[in-house]
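Have a look at model19.txt; it's compact mmCIF, C-alpha atoms and all ligand atoms:
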```txt
# COMPACT_ATOMS: atom_id res chain seq x y z
CA THR A 11 33.73 46.13 37.56
CA TRP A 12 32.61 49.46 36.20
CA THR A 13 31.05 51.84 38.71
CA THR A 14 29.96 55.41 38.19
CA ALA A 15 32.01 56.60 41.19
CA ALA A 16 35.19 55.01 39.83
CA PHE A 17 34.48 56.45 36.40
CA VAL A 18 34.01 59.97 37.79
CA GLU A 19 37.25 59.77 39.78
CA GLN A 20 39.25 58.36 36.91
CA SER A 21 37.92 60.98 34.47
CA ILE A 22 38.79 63.80 36.79
CA ARG A 23 42.38 62.52 37.05
CA GLU A 24 42.64 62.14 33.29
CA ILE A 25 41.18 65.57 32.56
CA ARG A 26 43.63 67.22 34.96
CA ALA A 27 46.57 65.35 33.48
CA LYS A 28 45.60 66.29 29.94
CA VAL A 29 44.52 69.90 30.40
CA GLY A 30 47.05 71.07 32.99
CA ASP A 31 46.55 74.81 33.53
CA LYS A 32 45.00 75.43 30.10
CA ARG A 33 41.50 76.77 29.41
CA VAL A 34 38.60 74.69 28.11
CA LEU A 35 35.43 75.73 26.31
CA LEU A 36 32.25 73.69 26.47
CA ALA A 37 28.99 74.27 24.61
CA LEU A 38 26.10 73.18 26.79
CA SER A 39 23.11 71.84 24.82
CA GLY A 40 20.71 70.75 27.53
CA GLY A 41 21.11 67.03 26.93
CA VAL A 42 22.57 64.43 29.24
CA ASP A 43 25.93 64.21 27.42
CA SER A 44 26.94 67.85 27.59
CA SER A 45 25.50 68.23 31.10
CA THR A 46 27.49 65.28 32.44
CA LEU A 47 30.54 66.57 30.63
CA ALA A 48 30.19 70.01 32.22
CA PHE A 49 29.95 68.48 35.66
CA LEU A 50 33.11 66.33 35.22
CA LEU A 51 35.15 69.18 33.79
CA TYR A 52 34.12 71.64 36.44
CA LYS A 53 35.03 69.16 39.17
CA ALA A 54 38.36 68.57 37.50
CA ILE A 55 39.50 72.06 36.56
CA GLY A 56 37.06 74.58 38.12
CA ASP A 57 37.15 77.98 36.51
CA GLN A 58 39.60 76.97 33.78
CA LEU A 59 36.33 75.77 32.24
CA THR A 60 33.93 78.10 30.45
CA CYS A 61 30.45 76.69 29.89
CA MET A 62 28.67 78.46 27.07
CA PHE A 63 24.99 78.04 26.41
CA ILE A 64 23.82 79.46 23.08
CA ASP A 65 20.09 80.06 23.29
CA GLN A 66 18.83 79.87 19.70
CA GLY A 67 15.24 80.33 20.82
CA PHE A 68 14.20 76.94 19.48
CA MET A 69 14.13 74.97 22.71
CA ARG A 70 11.03 73.83 24.52
CA LYS A 71 9.13 75.96 26.97
CA GLU A 72 11.18 76.97 30.03
CA GLU A 73 14.04 74.64 29.09
CA PRO A 74 16.75 77.31 28.70
CA GLU A 75 15.86 78.96 32.01
CA ARG A 76 15.75 75.64 33.83
CA LEU A 77 19.08 74.55 32.44
CA VAL A 78 20.88 77.74 33.42
CA LYS A 79 19.28 77.65 36.85
CA LEU A 80 20.23 74.02 37.44
CA PHE A 81 23.86 74.69 36.66
CA GLN A 82 24.16 77.94 38.53
CA GLU A 83 22.03 77.19 41.58
CA GLN A 84 22.36 73.44 42.10
CA PHE A 85 25.81 72.72 40.72
CA HIS A 86 27.28 76.21 41.22
CA ILE A 87 28.80 76.05 37.76
CA PRO A 88 28.80 79.47 36.06
CA VAL A 89 27.18 79.52 32.62
CA GLU A 90 27.70 82.08 29.85
CA HIS A 91 24.11 82.37 28.68
CA VAL A 92 24.29 83.73 25.13
CA GLN A 93 20.91 85.16 24.24
CA ALA A 94 20.68 84.83 20.46
CA ARG A 95 16.96 84.36 19.82
CA GLU A 96 16.56 87.43 17.63
CA ARG A 97 19.59 86.54 15.53
CA PHE A 98 18.40 83.04 14.76
CA LEU A 99 14.87 84.16 14.02
CA ASN A 100 16.21 86.79 11.61
CA ALA A 101 18.55 84.27 10.00
CA ILE A 102 15.63 82.09 8.94
CA ALA A 103 13.01 84.78 8.36
CA GLY A 104 11.00 83.93 5.26
CA VAL A 105 12.77 80.59 4.73
CA THR A 106 10.44 77.70 3.97
CA ASP A 107 12.78 75.06 2.52
CA PRO A 108 13.73 72.52 5.23
CA GLU A 109 17.34 72.05 4.12
CA GLU A 110 17.89 75.77 3.74
CA LYS A 111 16.45 76.31 7.20
CA ARG A 112 18.83 73.76 8.73
CA ARG A 113 21.75 75.21 6.78
CA ARG A 114 21.11 78.75 7.99
CA ILE A 115 20.62 77.68 11.58
CA GLY A 116 23.87 75.72 11.37
CA HIS A 117 25.76 78.69 9.96
CA GLU A 118 24.32 81.04 12.51
CA PHE A 119 25.33 78.66 15.25
CA ILE A 120 28.90 78.54 14.01
CA SER A 121 29.01 82.36 13.74
CA VAL A 122 27.74 82.88 17.26
CA PHE A 123 30.04 80.16 18.56
CA GLU A 124 33.00 81.79 16.82
CA GLU A 125 32.22 85.30 18.09
CA GLU A 126 31.56 84.20 21.62
CA SER A 127 34.57 81.93 21.88
CA LYS A 128 36.76 84.82 20.71
CA ARG A 129 35.12 87.16 23.19
CA LEU A 130 35.51 84.72 26.09
CA GLY A 131 38.75 83.07 24.99
CA PRO A 132 41.34 82.24 23.98
CA PHE A 133 40.83 78.55 24.69
CA ASP A 134 43.19 75.64 24.16
CA TYR A 135 40.65 72.87 24.34
CA LEU A 136 37.07 72.20 23.37
CA ALA A 137 35.18 69.72 25.54
CA GLN A 138 32.95 67.43 23.51
CA GLY A 139 30.40 64.84 24.65
CA THR A 140 31.64 62.29 22.13
CA LEU A 141 30.41 58.79 22.98
CA TYR A 142 31.90 55.45 22.02
CA PRO A 143 29.65 54.91 18.97
CA ASP A 144 30.67 58.38 17.64
CA VAL A 145 34.36 57.53 18.05
CA ILE A 146 33.93 54.38 15.98
CA GLU A 147 31.86 56.21 13.38
CA SER A 148 34.32 59.03 12.77
CA ALA A 149 37.35 56.68 12.86
CA ASP A 150 40.59 58.66 12.42
CA THR A 151 39.29 61.55 10.38
CA ASN A 152 39.64 64.01 13.26
CA VAL A 153 43.20 63.17 14.25
CA ASP A 154 45.87 65.81 13.83
CA PRO A 155 48.63 64.02 11.87
CA LYS A 156 51.39 65.90 13.71
CA SER A 157 50.41 65.46 17.34
CA GLY A 158 48.19 62.41 16.93
CA GLU A 159 45.58 64.20 19.03
CA ARG A 160 41.90 64.34 18.11
CA VAL A 161 40.90 67.84 17.04
CA ALA A 162 37.48 69.42 16.72
CA VAL A 163 36.22 69.81 13.18
CA LYS A 164 32.54 69.88 14.04
CA ILE A 165 30.33 70.58 17.00
CA LYS A 166 28.71 67.41 18.12
CA SER A 167 25.24 68.64 18.97
CA HIS A 168 25.04 70.11 15.48
CA HIS A 169 27.08 67.50 13.70
CA ASN A 170 25.00 67.68 10.58
CA VAL A 171 25.29 71.39 9.97
CA GLY A 172 28.75 72.24 8.78
CA GLY A 173 32.25 72.38 10.18
CA LEU A 174 34.21 74.74 12.37
CA PRO A 175 36.43 77.39 10.76
CA LYS A 176 40.14 76.47 10.66
CA ASP A 177 41.21 78.86 13.41
CA LEU A 178 38.66 77.31 15.75
CA ARG A 179 39.99 73.78 15.52
CA PHE A 180 40.71 73.34 19.19
CA LYS A 181 42.20 70.23 20.64
CA LEU A 182 39.56 67.99 22.14
CA VAL A 183 38.82 66.77 25.64
CA GLU A 184 36.39 63.86 25.39
CA PRO A 185 35.97 62.17 28.76
CA LEU A 186 32.83 60.26 27.66
CA ARG A 187 34.48 58.67 24.63
CA LYS A 188 34.50 55.18 26.13
CA LEU A 189 30.90 55.22 27.24
CA PHE A 190 27.64 54.07 25.71
CA LYS A 191 24.54 56.18 26.14
CA ASP A 192 23.12 54.06 28.97
CA GLU A 193 26.40 54.46 30.88
CA VAL A 194 26.29 58.24 30.45
CA ARG A 195 22.77 58.16 31.85
CA LYS A 196 24.00 56.22 34.90
CA VAL A 197 26.81 58.69 35.48
CA GLY A 198 24.44 61.62 34.95
CA ARG A 199 22.02 60.23 37.49
CA SER A 200 24.78 59.55 40.01
CA ILE A 201 25.95 63.15 39.94
CA GLY A 202 22.42 64.44 40.54
CA LEU A 203 21.17 65.45 37.11
CA PRO A 204 17.36 65.54 37.14
CA GLU A 205 15.49 62.75 35.32
CA GLU A 206 14.18 65.25 32.77
CA ILE A 207 17.75 65.61 31.51
CA VAL A 208 18.91 62.03 32.13
CA GLN A 209 15.98 60.52 30.24
CA ARG A 210 15.47 63.30 27.74
CA GLN A 211 14.22 62.04 24.41
CA PRO A 212 16.39 62.90 21.39
CA PHE A 213 15.93 66.51 20.39
CA PRO A 214 17.25 67.82 17.06
CA GLY A 215 19.93 70.52 17.00
CA PRO A 216 17.69 73.00 15.12
CA GLY A 217 14.98 72.26 17.71
CA LEU A 218 11.45 73.50 17.26
CA ALA A 219 12.43 75.38 14.10
CA ILE A 220 12.19 72.13 12.13
CA ARG A 221 8.91 71.20 13.83
CA ILE A 222 7.25 74.29 12.39
CA LEU A 223 6.79 73.54 8.73
CA GLY A 224 7.34 76.48 6.44
CA GLU A 225 8.22 79.87 7.82
CA VAL A 226 9.21 80.11 11.48
CA THR A 227 7.83 83.16 13.27
CA ALA A 228 7.77 84.21 16.90
CA GLU A 229 4.01 83.64 16.96
CA ARG A 230 4.25 80.10 15.58
CA LEU A 231 7.05 79.26 17.99
CA GLU A 232 4.89 80.35 20.89
CA ILE A 233 1.98 78.20 19.67
CA LEU A 234 4.15 75.12 19.20
CA ARG A 235 5.86 75.61 22.56
CA ASP A 236 2.50 75.68 24.32
CA ALA A 237 1.21 72.61 22.45
CA ASP A 238 4.48 70.75 23.12
CA LEU A 239 4.22 71.52 26.82
CA ILE A 240 0.74 69.99 26.98
CA VAL A 241 1.99 66.87 25.21
CA ARG A 242 4.78 66.47 27.73
CA GLN A 243 2.54 67.17 30.71
CA GLU A 244 -0.03 64.57 29.68
CA ILE A 245 2.60 61.96 28.85
CA ASN A 246 4.24 62.48 32.22
CA ARG A 247 0.90 62.38 33.98
CA GLN A 248 0.32 58.93 32.44
CA GLY A 249 3.87 57.84 33.28
CA MET A 250 4.39 57.16 29.57
CA TYR A 251 7.51 59.27 28.88
CA ASN A 252 9.89 56.30 28.68
CA GLN A 253 7.57 54.29 26.44
CA PHE A 254 8.40 56.44 23.43
CA TRP A 255 11.59 57.03 21.53
CA GLN A 256 10.11 60.44 20.91
CA ALA A 257 6.72 62.05 21.43
CA PHE A 258 6.23 65.58 20.23
CA ALA A 259 4.07 68.11 18.41
CA VAL A 260 4.50 69.60 14.95
CA LEU A 261 2.83 72.77 13.64
CA LEU A 262 1.57 72.88 10.06
CA PRO A 263 1.58 76.25 8.28
CA ILE A 264 -1.94 75.85 6.88
CA ARG A 265 -5.27 76.68 8.40
CA SER A 266 -8.58 74.89 8.50
CA VAL A 267 -12.08 75.81 9.55
CA GLY A 268 -13.48 74.88 12.93
CA VAL A 269 -16.11 76.00 15.37
CA MET A 270 -15.79 76.98 19.00
CA GLY A 271 -18.86 78.05 20.99
CA ASP A 272 -20.83 79.82 18.30
CA GLN A 273 -17.71 81.20 16.65
CA ARG A 274 -16.21 80.02 13.41
CA THR A 275 -12.45 79.52 13.73
CA TYR A 276 -9.75 79.41 11.08
CA ALA A 277 -6.52 78.22 12.62
CA TYR A 278 -3.49 75.91 12.49
CA PRO A 279 -3.51 72.14 12.98
CA ILE A 280 -1.08 70.43 15.35
CA VAL A 281 0.28 67.01 14.45
CA LEU A 282 1.10 64.58 17.24
CA ARG A 283 4.14 62.45 16.40
CA PHE A 284 4.66 59.60 18.89
CA VAL A 285 7.07 56.86 17.86
CA SER A 286 8.83 53.84 19.28
CA SER A 287 12.29 52.95 18.02
CA GLU A 288 15.52 51.23 19.01
CA ASP A 289 17.99 53.63 17.44
CA GLY A 290 16.11 56.22 15.39
CA MET A 291 17.00 54.50 12.10
CA THR A 292 13.61 52.85 11.83
CA ALA A 293 10.54 53.70 13.86
CA ASP A 294 6.98 52.62 14.44
CA TRP A 295 4.10 54.97 15.13
CA ALA A 296 2.96 54.34 18.68
CA ARG A 297 -0.35 52.62 19.35
CA VAL A 298 -1.60 54.86 22.15
CA PRO A 299 -5.01 54.63 23.81
CA TYR A 300 -7.74 56.72 22.13
CA ASP A 301 -8.69 58.24 25.48
CA PHE A 302 -5.19 59.55 25.86
CA LEU A 303 -5.25 61.12 22.39
CA GLU A 304 -8.59 62.66 23.26
CA THR A 305 -7.21 64.25 26.43
CA VAL A 306 -4.23 65.73 24.61
CA SER A 307 -6.33 66.95 21.70
CA THR A 308 -8.96 68.58 23.89
CA ARG A 309 -6.40 70.37 26.00
CA ILE A 310 -4.46 71.67 23.00
CA VAL A 311 -7.53 73.01 21.19
CA ASN A 312 -8.97 74.54 24.36
CA GLU A 313 -5.77 76.01 25.74
CA VAL A 314 -3.61 76.98 22.80
CA ARG A 315 -4.84 80.00 20.92
CA GLY A 316 -4.28 79.66 17.20
CA VAL A 317 -4.94 75.90 17.05
CA ASN A 318 -8.33 74.37 16.22
CA ARG A 319 -7.46 70.84 15.10
CA VAL A 320 -5.18 68.00 16.23
CA VAL A 321 -4.19 65.05 14.03
CA TYR A 322 -2.20 61.89 14.75
CA ASP A 323 0.63 60.76 12.46
CA ILE A 324 0.27 57.04 11.64
CA THR A 325 3.32 56.78 9.39
CA SER A 326 6.23 54.56 10.33
CA LYS A 327 9.88 55.10 9.33
CA PRO A 328 10.48 54.27 6.56
CA PRO A 329 8.79 55.63 4.55
CA GLY A 330 8.23 58.62 6.90
CA THR A 331 11.04 60.19 8.88
CA ILE A 332 10.57 60.83 12.58
CA GLU A 333 10.84 64.60 12.24
CA TRP A 334 8.70 66.36 9.64
CA GLU A 335 11.55 68.40 8.17
P1 LIG B 401 14.63 61.47 11.25
O1 LIG B 401 13.70 62.64 11.25
O2 LIG B 401 15.68 61.57 10.19
O3 LIG B 401 15.41 61.56 12.63
O4 LIG B 401 13.90 60.16 11.22
C1 LIG B 401 16.16 60.51 13.19
C2 LIG B 401 16.58 60.94 14.59
O5 LIG B 401 17.53 62.02 14.50
C3 LIG B 401 17.03 63.17 15.18
N1 LIG B 401 17.41 64.36 14.42
C4 LIG B 401 18.44 65.18 14.71
N2 LIG B 401 19.33 65.14 15.72
N3 LIG B 401 20.34 67.12 14.89
C5 LIG B 401 20.28 66.12 15.81
O6 LIG B 401 21.11 66.11 16.71
C6 LIG B 401 19.48 67.22 13.85
O7 LIG B 401 19.56 68.12 13.04
C7 LIG B 401 18.48 66.18 13.76
N4 LIG B 401 17.49 65.93 12.88
C8 LIG B 401 16.84 64.82 13.30
C9 LIG B 401 15.53 62.98 15.24
O8 LIG B 401 14.94 63.71 16.30
C10 LIG B 401 15.42 61.49 15.41
O9 LIG B 401 15.62 61.08 16.74
```

Let me see the structure of the file written as structure tokens.
Amino acid sequence: TWTTAAFVEQSIREIRAKVGDKRVLLALSGGVDSSTLAFLLYKAIGDQLTCMFIDQGFMRKEEPERLVKLFQEQFHIPVEHVQARERFLNAIAGVTDPEEKRRRIGHEFISVFEEESKRLGPFDYLAQGTLYPDVIESADTNVDPKSGERVAVKIKSHHNVGGLPKDLRFKLVEPLRKLFKDEVRKVGRSIGLPEEIVQRQPFPGPGLAIRILGEVTAERLEILRDADLIVRQEINRQGMYNQFWQAFAVLLPIRSVGVMGDQRTYAYPIVLRFVSSEDGMTADWARVPYDFLETVSTRIVNEVRGVNRVVYDITSKPPGTIEWE
């Protein structure tokens, strides 16, 4: 029978046997896969592992700080915190087209990854949180014909945004490759990852940048981060977090008229996007209680400066997508 303890032990043996005295690079994303991966590798090879966290500036409020703190203070795993907020914001300044935005964020990510891995390296291996369904999906396309080993051609957390340059095609260490997502969650929980990471809803690689329609600015990011925090707080307060595939806020780059006290306002609307789904391929908009929507709406309009209206997205997928960009 499969137990998390046996899995952890077995992985550690396998990692040691494979890696020997070589150095491994890991890009931490904040999700359960890369966090579990970091834990296993650090247990197996200690400071032959370098954990790199590239902060694009598009994560949710306090998430980067909490992640770094968790690893350094609870797990005592050193993290190279690469502060790249300005770079990413500059890379997409003035860009309104969704695909162009994703493309530029992807390219910027690869550039930062390349620079930082050269600065911190050289490395022999790249640790990836590949899961069993990903292995099946990518079949043999990543196998080096000479050695028969799987090599990195893309970075998993940003799989849809372009490949790695040739000289960065490290060999791969993929200790999670036989696991399904629910098994990774079990392992993650058993090693002491907090529930907010273990149960984290899917979060796109480009993060909040694709939940701000049109141009992304520091001001809009701040507004969306504050609205998003309220959404999460109210969902958690109701114990509803696990009822949704995803529940999040989107900022629209238009303004509408409102009134607050005796003041006329002219500000952004926030869209609430709450969906249920099995796998993200299709999704249903969630039938949530009106009172709950009212609570979230009132808090957002009262507490987030720059927002005067909240709307609820009642489109399923298809024809809508889950994200708005
Ligand atoms: P859509 O919006 O296409 O999203 O219905 C389906 C699922 O995929 C997630 N998503 C992404 N995940 N990088 C990711 O890792 C991305 O660029 C990305 N875009 C969308 C989305 O959150 C949903 O769960």

For region 103-120 of chain A, list every protein, DNA or RNA residue within 12 Å, evaluated using all atoms listed in the file, and leave out those in the same chain fewer than 6 positions away; present the list as an NGL selection string. :A and (37 or 39 or 63-68 or 92-97 or 126-127 or 163-176 or 178 or 214-228 or 262-263 or 333-335)

Can you tell me, as an mmCIF file with C-alpha atoms, keeping the file's coordinate frame, what residues are no more than 12 Å from Pro143 (chain A) when counting only C-alpha atoms, ignoring any on the same chain fewer than 2 positions away?
```cif
data_model
loop_
_atom_site.group_PDB
_atom_site.id
_atom_site.type_symbol
_atom_site.label_atom_id
_atom_site.label_comp_id
_atom_site.auth_asym_id
_atom_site.auth_seq_id
_atom_site.Cartn_x
_atom_site.Cartn_y
_atom_site.Cartn_z
ATOM 1 C CA GLY A 139 30.400 64.840 24.650
ATOM 2 C CA THR A 140 31.640 62.290 22.130
ATOM 3 C CA LEU A 141 30.410 58.790 22.980
ATOM 4 C CA VAL A 145 34.360 57.530 18.050
ATOM 5 C CA ILE A 146 33.930 54.380 15.980
ATOM 6 C CA GLU A 147 31.860 56.210 13.380
ATOM 7 C CA SER A 148 34.320 59.030 12.770
ATOM 8 C CA ALA A 149 37.350 56.680 12.860
ATOM 9 C CA LEU A 186 32.830 60.260 27.660
ATOM 10 C CA ARG A 187 34.480 58.670 24.630
ATOM 11 C CA LYS A 188 34.500 55.180 26.130
ATOM 12 C CA LEU A 189 30.900 55.220 27.240
ATOM 13 C CA PHE A 190 27.640 54.070 25.710
ATOM 14 C CA LYS A 191 24.540 56.180 26.140
ATOM 15 C CA ASP A 192 23.120 54.060 28.970
ATOM 16 C CA ASP A 289 17.990 53.630 17.440
#
```

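Across A:Glu193, A:Asp43, A:Asp301, A:Glu124, the tightest approach to ligand LIG 401 (chain B) is made by A:Asp43 when counting all atoms listed in the file.
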
Emit as JSON the padded axis-aligned box for all listed atoms of region 76-79 of chain A, 3 Å per side, with centre and edge lengths in Å to one decimal.
```
{"center_x": 18.3, "center_y": 76.1, "center_z": 34.6, "size_x": 11.1, "size_y": 9.2, "size_z": 10.4}
```

Nearest residue to ligand LIG 401 (chain B) out of A:Tyr135, A:Trp12, A:Phe98, A:Trp255, using all atoms listed in the file? A:Trp255
